[in-house]
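Novice: Pasting in a structure now, in structure tokens, and then I'll have a few things to ask.
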Amino acid sequence: MARLNIVGFAPRTSAQVHSEMRQQKPRPNQEKTFQSIIKKMLAIKKAIFFIAILCLVFFPLKAQDYWHSEIISVEKSQGIMKKLLQMDLDLLMERNNRIYIIVGFDDFLKLQEENIPYTLETFDFYPYKQMEVSLLGGINGKYHSYKELERDLLALQDSYPQIAKVRDIGDSLEGRNIYALKISDNVHLEEGEAQVIFIGCHHAREWISVEVPFLLGKYLVENYEINSQVKDLVDQSEIWIIPLLNPDGLEYSIHFYRYWRKNRRDNGDGAFGVDLNRNYGYNWGFDDEGSSPNPFSNVYRGTSPFSEPETQATRDLFAGKNFQAMITYHSFSQVILYPWGYTEQPTEEDQLLDQIAADMSTFIQSVNGNVYDYYQSGELFYLTNGDTTDWTFGTYGIPSYTIELPPEDEPQGGFFNAEENIQPIFNENLPAMLYLIDWSIQNFSSNTDFPLRTERRPKDRVKLKKKIRVGRDRKGG
Ligand SMILES: [Zn+2]
């Protein structure tokens with residue numbers, strides 16, 4: 001039930017729903033009127049859409065400024081799939097033999113040129129509409145903008161100066177600070193303790209991925225004096241949190257284009273953005289399936305490994321540290337992924353990586369009952385290269401995870417998590433975060449093999465799931 005509550009409605013019992021339906025059930029002629037009103041509304045909506053497109057075609061200079069992304073679907077056939085893949089579109093998902101796609105202005109023109117018939121589907125994705133209503137605190141609601149995050153991080157430092165320290169680890173392309181929050185006892189000293197790192201928001205549109213690592217920092221400092229488990233962890237480790245690696249992209253997503261994914265690199269010829277999660281330096285550009293050499297692509301890898309100041313910030317922070325483990329947060333899909341991403345072959349540490357993922361999944365499930373599947377990303381999810389986890393594992397050999405936060409799919413909200421779900425999503429992830437901190441401490445001090453706590457789940461169970469995920473996942477959350 002919890003997973004259904006993505007648009008901010010409280011779950012209702014079936015009795016409540018039936019009772020409401022009885023009360024609201026329209027008389028036959030009323031029903032007819034409702035249907036015709038809805039039909040008219042849809043017709044008007046479609047008409048507005050097409051008038052807008054006509055305007056855009058006739059006033060191309062202004063077009064991109066006014067374009068809002070739409071979701072369309074096209075029938076899945078071999079011929080069309082081939083064309084779509086060549087067009088480098090932002091594929092969302094596959095449902096009932098139709099491929100759903102987020103289209104920007106240029107994409108729309110490409111589809112027109114190729115004569116591919118499509119259906120406008122945006123109005124079907126009701127959470128998208130609900131979010132606009134539920135955003136109470138300004139355009140980005142309870143989600144952090146760059147400035148709001150800066151304010152809140154500095155407030156944590158001011159309130160807890162002994163255990164929280166904000167560090168500027170580099171500037172984004174547009175000159176915003178990339179902040180890391182260090183949490184430890186004697187936070188101003190280097191005490192040679194186990195270090196562990198949590199990173200958020202490589203991808204601009206994945207707003208929830210800022211909140212989860214930020215809330216970890218807030219939780220740790222606020223509970224340090226009152227929770228002995230938290231105190232133990234903080235005393236024995238250095239916890240590093242980068243809630244927002246891609247501030248330029250996030251601001252762009254808030255103010256201009258909600259579905260923006262990359263940073264804001266001007267690639268020339270009107271192409272913008274490098275996919276920061278394809279720009280890391282381990283097997284960067286291994287092939288064109290796991291990333292793209294096309295500057296217009298949503299998974300464009302940049303001109304060279306670490307060409308972007310944002311990934312350089314991560315690289316440089318790692319160079320001076322001795323991290324034991326890393327989680328990078330993304331959305332959506334509700335899964336835990338580990339290296340390799342660039343190949344279907346497992347790493348030599350496959351069993352350990354799988355075991356820690358299984359444990360984290362168990363901890364997460366224990367909170368709200370939500371199941372996060374887990375697997376090697378290249379084997380069962382989709383191929384990537386130049387991503388964060390391949391680089392941290394490939395370079396430093398540490399357990400490295402991508403956690404794709406809820407929801408599971410687009411119809412449940414996709415990149416739009418209701419504000420009411422920020423806290424529950426953090427809450428369910430918290431025990432897995434604490435567990436990884438603890439693992440880092442144990443592994444660092446005793447240097448013994450990690451005890452196997454839970455049964456490995458058979459891989460064929462998750463294989464079934466992959467079939468549902470084909471469309472969107474190729475482009476990655
Ligand atoms: Zn992502």
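Identifiers in this document derive from the order of the structure tokens: chains are assigned A, B, ..., residues are numbered from 1 separately in each chain, and ligands are numbered from 1 in order of occurrence.
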Quick one: which chain A residues come within 12 Å of ligand 1, and what is the nearest atom pair for each with the distance in Å to one decimal, counting only C-alpha atoms and all ligand atoms, rows ordered by chain and ascending number, as a Markdown table?
Specialist:
| residue | atom | partner | partner_atom_place_in_ligand_line | distance |
| --- | --- | --- | --- | --- |
| A:Ile199 | CA | ligand 1 | 1 (Zn) | 11.3 |
| A:Gly200 | CA | ligand 1 | 1 (Zn) | 9.1 |
| A:Cys201 | CA | ligand 1 | 1 (Zn) | 7.1 |
| A:His202 | CA | ligand 1 | 1 (Zn) | 6.2 |
| A:His203 | CA | ligand 1 | 1 (Zn) | 4.7 |
| A:Ala204 | CA | ligand 1 | 1 (Zn) | 8.0 |
| A:Arg205 | CA | ligand 1 | 1 (Zn) | 8.1 |
| A:Glu206 | CA | ligand 1 | 1 (Zn) | 6.3 |
| A:Trp207 | CA | ligand 1 | 1 (Zn) | 9.8 |
| A:Ile208 | CA | ligand 1 | 1 (Zn) | 10.4 |
| A:Ser209 | CA | ligand 1 | 1 (Zn) | 8.4 |
| A:Val210 | CA | ligand 1 | 1 (Zn) | 11.2 |
| A:Leu245 | CA | ligand 1 | 1 (Zn) | 11.5 |
| A:Asn246 | CA | ligand 1 | 1 (Zn) | 11.0 |
| A:Gly249 | CA | ligand 1 | 1 (Zn) | 12.0 |
| A:Tyr259 | CA | ligand 1 | 1 (Zn) | 11.4 |
| A:Trp260 | CA | ligand 1 | 1 (Zn) | 10.9 |
| A:Arg261 | CA | ligand 1 | 1 (Zn) | 7.6 |
| A:Lys262 | CA | ligand 1 | 1 (Zn) | 9.3 |
| A:Asn263 | CA | ligand 1 | 1 (Zn) | 11.9 |
| A:Asp275 | CA | ligand 1 | 1 (Zn) | 9.2 |
| A:Leu276 | CA | ligand 1 | 1 (Zn) | 9.2 |
| A:Asn277 | CA | ligand 1 | 1 (Zn) | 7.4 |
| A:Arg278 | CA | ligand 1 | 1 (Zn) | 10.3 |
| A:Asn298 | CA | ligand 1 | 1 (Zn) | 10.9 |
| A:Val299 | CA | ligand 1 | 1 (Zn) | 10.3 |
| A:Thr328 | CA | ligand 1 | 1 (Zn) | 9.0 |
| A:Tyr329 | CA | ligand 1 | 1 (Zn) | 7.3 |
| A:His330 | CA | ligand 1 | 1 (Zn) | 4.2 |
| A:Ser331 | CA | ligand 1 | 1 (Zn) | 5.6 |
| A:Phe332 | CA | ligand 1 | 1 (Zn) | 7.5 |
| A:Ser333 | CA | ligand 1 | 1 (Zn) | 10.1 |
| A:Gln334 | CA | ligand 1 | 1 (Zn) | 11.8 |
| A:Val335 | CA | ligand 1 | 1 (Zn) | 12.0 |
| A:Leu337 | CA | ligand 1 | 1 (Zn) | 11.9 |
| A:Thr384 | CA | ligand 1 | 1 (Zn) | 11.5 |
| A:Asp387 | CA | ligand 1 | 1 (Zn) | 10.1 |
| A:Thr388 | CA | ligand 1 | 1 (Zn) | 10.7 |
| A:Thr402 | CA | ligand 1 | 1 (Zn) | 8.8 |
| A:Ile403 | CA | ligand 1 | 1 (Zn) | 9.2 |
| A:Glu404 | CA | ligand 1 | 1 (Zn) | 7.4 |
| A:Leu405 | CA | ligand 1 | 1 (Zn) | 9.5 |
| A:Pro406 | CA | ligand 1 | 1 (Zn) | 12.0 |
| A:Gly414 | CA | ligand 1 | 1 (Zn) | 11.7 |
| A:Phe415 | CA | ligand 1 | 1 (Zn) | 9.7 |
| A:Arg472 | CA | ligand 1 | 1 (Zn) | 11.7 |
| A:Asp473 | CA | ligand 1 | 1 (Zn) | 10.3 |
| A:Arg474 | CA | ligand 1 | 1 (Zn) | 11.7 |
| A:Lys475 | CA | ligand 1 | 1 (Zn) | 9.2 |
| A:Gly476 | CA | ligand 1 | 1 (Zn) | 6.2 |
| A:Gly477 | CA | ligand 1 | 1 (Zn) | 3.9 |
Novice: Env of Tyr146 of chain A: 12 Å cut, atoms = only C-alpha atoms, seq-sep filter 3 positions within chain, self excluded. Answer as a PyMOL selection string.
Specialist: chain A and resi 140+143+149-153+172+175-179+201+204+207+210-211+243-255
Novice: Limited to N, CA and C atoms, could you put the picked residues into a file as an mmCIF file, in the first residue's frame?
Specialist:
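New file part.cif:
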data_model
loop_
_atom_site.group_PDB
_atom_site.id
_atom_site.type_symbol
_atom_site.label_atom_id
_atom_site.label_comp_id
_atom_site.auth_asym_id
_atom_site.auth_seq_id
_atom_site.Cartn_x
_atom_site.Cartn_y
_atom_site.Cartn_z
ATOM 1 N N ASN A 140 10.009 24.650 -5.939
ATOM 2 C CA ASN A 140 10.549 23.320 -5.656
ATOM 3 C C ASN A 140 10.065 22.770 -4.322
ATOM 4 N N TYR A 143 11.653 20.392 -1.459
ATOM 5 C CA TYR A 143 12.960 19.971 -1.979
ATOM 6 C C TYR A 143 13.942 21.132 -1.911
ATOM 7 N N LEU A 149 19.945 24.478 0.221
ATOM 8 C CA LEU A 149 20.835 23.447 0.748
ATOM 9 C C LEU A 149 22.048 24.079 1.422
ATOM 10 N N GLU A 150 22.610 25.076 0.765
ATOM 11 C CA GLU A 150 23.758 25.785 1.344
ATOM 12 C C GLU A 150 23.404 26.321 2.734
ATOM 13 N N ARG A 151 22.244 26.970 2.810
ATOM 14 C CA ARG A 151 21.783 27.524 4.087
ATOM 15 C C ARG A 151 21.649 26.415 5.142
ATOM 16 N N ASP A 152 21.029 25.309 4.750
ATOM 17 C CA ASP A 152 20.761 24.251 5.737
ATOM 18 C C ASP A 152 22.028 23.504 6.151
ATOM 19 N N LEU A 153 22.964 23.356 5.235
ATOM 20 C CA LEU A 153 24.232 22.709 5.605
ATOM 21 C C LEU A 153 25.006 23.584 6.584
ATOM 22 N N SER A 172 31.278 24.175 -9.412
ATOM 23 C CA SER A 172 30.618 23.649 -10.604
ATOM 24 C C SER A 172 31.017 24.500 -11.802
ATOM 25 N N GLY A 175 30.079 27.942 -11.462
ATOM 26 C CA GLY A 175 30.676 28.624 -10.320
ATOM 27 C C GLY A 175 29.967 28.436 -8.988
ATOM 28 N N ARG A 176 29.041 27.486 -8.919
ATOM 29 C CA ARG A 176 28.436 27.209 -7.608
ATOM 30 C C ARG A 176 29.375 26.313 -6.795
ATOM 31 N N ASN A 177 29.274 26.416 -5.480
ATOM 32 C CA ASN A 177 30.114 25.577 -4.629
ATOM 33 C C ASN A 177 29.544 24.161 -4.566
ATOM 34 N N ILE A 178 30.433 23.199 -4.610
ATOM 35 C CA ILE A 178 30.020 21.811 -4.350
ATOM 36 C C ILE A 178 30.414 21.528 -2.903
ATOM 37 N N TYR A 179 29.395 21.245 -2.092
ATOM 38 C CA TYR A 179 29.641 21.109 -0.665
ATOM 39 C C TYR A 179 29.718 19.654 -0.236
ATOM 40 N N CYS A 201 22.587 13.350 -6.145
ATOM 41 C CA CYS A 201 22.286 14.239 -7.264
ATOM 42 C C CYS A 201 23.411 14.423 -8.278
ATOM 43 N N ALA A 204 20.285 15.846 -12.408
ATOM 44 C CA ALA A 204 19.549 17.003 -11.926
ATOM 45 C C ALA A 204 18.097 16.703 -11.569
ATOM 46 N N TRP A 207 15.477 14.728 -7.813
ATOM 47 C CA TRP A 207 15.491 15.620 -6.641
ATOM 48 C C TRP A 207 15.582 14.872 -5.318
ATOM 49 N N VAL A 210 18.956 14.317 -3.513
ATOM 50 C CA VAL A 210 19.586 15.339 -2.662
ATOM 51 C C VAL A 210 19.147 15.124 -1.216
ATOM 52 N N GLU A 211 17.861 14.811 -1.070
ATOM 53 C CA GLU A 211 17.246 14.822 0.265
ATOM 54 C C GLU A 211 17.735 13.674 1.139
ATOM 55 N N PRO A 243 25.607 16.090 -0.772
ATOM 56 C CA PRO A 243 24.190 15.915 -1.140
ATOM 57 C C PRO A 243 23.895 16.326 -2.584
ATOM 58 N N LEU A 244 24.714 17.242 -3.129
ATOM 59 C CA LEU A 244 24.364 17.839 -4.419
ATOM 60 C C LEU A 244 25.618 18.003 -5.263
ATOM 61 N N LEU A 245 25.903 16.989 -6.067
ATOM 62 C CA LEU A 245 27.103 17.069 -6.897
ATOM 63 C C LEU A 245 26.891 17.926 -8.139
ATOM 64 N N ASN A 246 25.640 18.068 -8.546
ATOM 65 C CA ASN A 246 25.339 18.757 -9.810
ATOM 66 C C ASN A 246 24.435 19.968 -9.581
ATOM 67 N N PRO A 247 24.958 21.008 -8.892
ATOM 68 C CA PRO A 247 24.096 22.149 -8.551
ATOM 69 C C PRO A 247 23.569 22.898 -9.773
ATOM 70 N N ASP A 248 24.376 23.028 -10.819
ATOM 71 C CA ASP A 248 23.913 23.763 -12.009
ATOM 72 C C ASP A 248 22.720 23.039 -12.630
ATOM 73 N N GLY A 249 22.843 21.730 -12.734
ATOM 74 C CA GLY A 249 21.763 20.942 -13.324
ATOM 75 C C GLY A 249 20.496 21.033 -12.489
ATOM 76 N N LEU A 250 20.643 20.950 -11.158
ATOM 77 C CA LEU A 250 19.461 21.018 -10.295
ATOM 78 C C LEU A 250 18.744 22.350 -10.467
ATOM 79 N N GLU A 251 19.486 23.441 -10.473
ATOM 80 C CA GLU A 251 18.859 24.746 -10.653
ATOM 81 C C GLU A 251 18.142 24.825 -11.999
ATOM 82 N N TYR A 252 18.751 24.253 -12.999
ATOM 83 C CA TYR A 252 18.124 24.260 -14.321
ATOM 84 C C TYR A 252 16.834 23.435 -14.312
ATOM 85 N N SER A 253 16.895 22.321 -13.599
ATOM 86 C CA SER A 253 15.709 21.464 -13.487
ATOM 87 C C SER A 253 14.576 22.166 -12.736
ATOM 88 N N ILE A 254 14.939 22.959 -11.725
ATOM 89 C CA ILE A 254 13.913 23.672 -10.950
ATOM 90 C C ILE A 254 13.305 24.815 -11.766
ATOM 91 N N HIS A 255 14.141 25.555 -12.465
ATOM 92 C CA HIS A 255 13.658 26.806 -13.050
ATOM 93 C C HIS A 255 13.297 26.732 -14.527
#
Novice: When you look at Tyr224 of chain A with a cut-off of 10 Å (counting only C-alpha atoms), what residues show up, excluding the ones that are within fewer than 3 positions of it in the same chain? I need them as a compact mmCIF listing (two decimals) with N, CA, C and O atoms, in the first residue's frame.
Specialist:
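Written file, selection.txt:
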# COMPACT_ATOMS: atom_id res chain seq x y z
N TYR A 160 26.11 22.39 15.36
CA TYR A 160 26.88 21.24 15.89
C TYR A 160 28.34 21.36 15.48
O TYR A 160 28.88 20.49 14.77
N ILE A 163 30.93 18.37 15.66
CA ILE A 163 30.81 17.12 14.90
C ILE A 163 30.44 17.34 13.44
O ILE A 163 30.42 16.38 12.67
N SER A 184 31.99 13.79 12.24
CA SER A 184 32.84 12.92 13.04
C SER A 184 33.03 13.58 14.40
O SER A 184 32.79 14.79 14.54
N ASP A 185 33.44 12.81 15.41
CA ASP A 185 33.86 13.48 16.64
C ASP A 185 35.17 14.20 16.32
O ASP A 185 35.88 13.80 15.39
N TYR A 219 20.20 13.76 10.54
CA TYR A 219 19.87 12.74 11.53
C TYR A 219 21.06 12.46 12.45
O TYR A 219 20.92 12.36 13.67
N LEU A 220 22.23 12.32 11.87
CA LEU A 220 23.42 11.96 12.67
C LEU A 220 23.74 13.03 13.69
O LEU A 220 23.98 12.73 14.87
N VAL A 221 23.74 14.31 13.27
CA VAL A 221 24.12 15.35 14.23
C VAL A 221 23.03 15.57 15.29
O VAL A 221 23.33 15.79 16.46
N ASN A 227 21.41 9.24 21.12
CA ASN A 227 21.32 7.86 20.63
C ASN A 227 22.72 7.26 20.65
O ASN A 227 23.61 7.68 19.91
N SER A 228 22.91 6.27 21.52
CA SER A 228 24.27 5.76 21.72
C SER A 228 24.79 5.04 20.47
O SER A 228 26.00 5.06 20.21
N GLN A 229 23.89 4.46 19.69
CA GLN A 229 24.35 3.80 18.46
C GLN A 229 24.93 4.84 17.49
O GLN A 229 25.99 4.64 16.90
N VAL A 230 24.22 5.95 17.36
CA VAL A 230 24.68 7.02 16.48
C VAL A 230 26.02 7.57 16.99
O VAL A 230 26.97 7.76 16.22
N LYS A 231 26.10 7.78 18.30
CA LYS A 231 27.33 8.32 18.88
C LYS A 231 28.51 7.38 18.60
O LYS A 231 29.60 7.82 18.20
N ASP A 232 28.29 6.09 18.80
CA ASP A 232 29.35 5.10 18.54
C ASP A 232 29.85 5.19 17.10
O ASP A 232 31.05 5.17 16.84
N LEU A 233 28.89 5.25 16.16
CA LEU A 233 29.28 5.28 14.75
C LEU A 233 30.05 6.56 14.43
O LEU A 233 31.10 6.53 13.78
N VAL A 234 29.53 7.69 14.90
CA VAL A 234 30.16 8.98 14.59
C VAL A 234 31.54 9.07 15.24
O VAL A 234 32.50 9.58 14.65
N ASP A 235 31.66 8.53 16.46
CA ASP A 235 32.95 8.59 17.16
C ASP A 235 34.03 7.78 16.47
O ASP A 235 35.21 8.08 16.55
Novice: Running DSSP on the backbone, which parts of segment 244-363 of chain A land in helix (DSSP H, G or I), as an MDAnalysis selection string?
Specialist: chainID A and resid 247:255 276:278 309:319 350:363
Novice: Considering only C-alpha atoms, return as a PyMOL selection string whatever protein or nucleic-acid residues lie within 9 Å of Asn427 of chain A, sequence-local ones (same chain, fewer than 6 positions apart) excluded.
Specialist: chain A and resi 212+364+367-368
Novice: Return as a PyMOL selection string the full set of residues in segment 59-269 of chain A whose backbone-based DSSP assignment is strand (DSSP E).
Specialist: chain A and resi 70-75+90-95+98-103+119-120+164-171+177-183+194-200+237-242+266-268
Novice: Restricting the calculation to only C-alpha atoms: of A:Asp158, A:Asp288, A:Glu344, A:Asp350, which residue gets closest to Glu379 of chain A?
Specialist: A:Glu344
Novice: List the neighbours of Lys321 of chain A out to 12 Å using only C-alpha atoms; skip same-chain residues closer than 6 positions along the sequence, and give me the result as a PyMOL selection string.
Specialist: chain A and resi 190-197+238-240+314-315+396
Novice: Give the answer as one residue: which of A:Phe363, A:Phe444, A:Tyr282, A:Phe426 has the shortest atom-to-atom distance to Phe393 of chain A, using only C-alpha atoms?
Specialist: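 Using only C-alpha atoms, Phe393 of chain A sits closest to A:Tyr282.
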Novice: With segment 74-97 of chain A as the partner and 10 Å as the cut-off, tabulate the residues of segment 106-213 of chain A that qualify, each row holding the nearest pair of atoms and their distance in Å to one decimal, using only C-alpha atoms, sorted by chain and rising number, as a tab-separated table.
Specialist:
residue	atom	partner	partner_atom	distance
A:Asp106	CA	A:Leu89	CA	9.9
A:Asp107	CA	A:Leu89	CA	6.9
A:Phe108	CA	A:Leu89	CA	9.8
A:Lys110	CA	A:Met87	CA	7.5
A:Leu111	CA	A:Leu84	CA	8.6
A:Glu114	CA	A:Lys83	CA	8.2
A:Ile116	CA	A:Ile80	CA	7.5
A:Pro117	CA	A:Val74	CA	6.5
A:Tyr118	CA	A:Val74	CA	4.7
A:Thr119	CA	A:Val74	CA	6.5
A:Leu120	CA	A:Val74	CA	9.2
A:Glu121	CA	A:Val74	CA	10.0
Novice: Could you tell me which of A:Tyr382, A:Trp439, A:Trp340, A:Tyr372 comes closest to Pro407 of chain A if we count only C-alpha atoms?
Specialist: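 Ranking A:Tyr382, A:Trp439, A:Trp340, A:Tyr372 by distance to Pro407 of chain A, first place goes to A:Tyr372.
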Novice: Could you give me, as a compact mmCIF listing (two decimals) with N, CA, C and O atoms, in the first residue's frame, the residues within 8 Å of Glu308 of chain A, counting only C-alpha atoms and dropping anything in the same chain fewer than 5 positions from it?
Specialist:
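What follows is the written file around.txt:
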# COMPACT_ATOMS: atom_id res chain seq x y z
N LEU A 173 30.59 24.06 -12.97
CA LEU A 173 30.89 24.78 -14.20
C LEU A 173 30.44 26.24 -14.13
O LEU A 173 31.13 27.15 -14.57
N VAL A 274 26.88 17.33 -19.93
CA VAL A 274 27.58 16.04 -19.88
C VAL A 274 26.90 15.24 -18.78
O VAL A 274 26.57 15.77 -17.72
N LEU A 276 27.16 13.38 -15.84
CA LEU A 276 28.25 13.24 -14.86
C LEU A 276 28.46 11.78 -14.45
O LEU A 276 29.57 11.39 -14.10
N ASN A 279 31.07 10.15 -16.73
CA ASN A 279 32.28 10.95 -16.95
C ASN A 279 33.45 10.53 -16.05
O ASN A 279 34.52 11.10 -16.10
N GLY A 302 31.07 13.21 -22.28
CA GLY A 302 32.06 14.29 -22.24
C GLY A 302 33.22 13.99 -23.16
O GLY A 302 33.29 12.94 -23.80
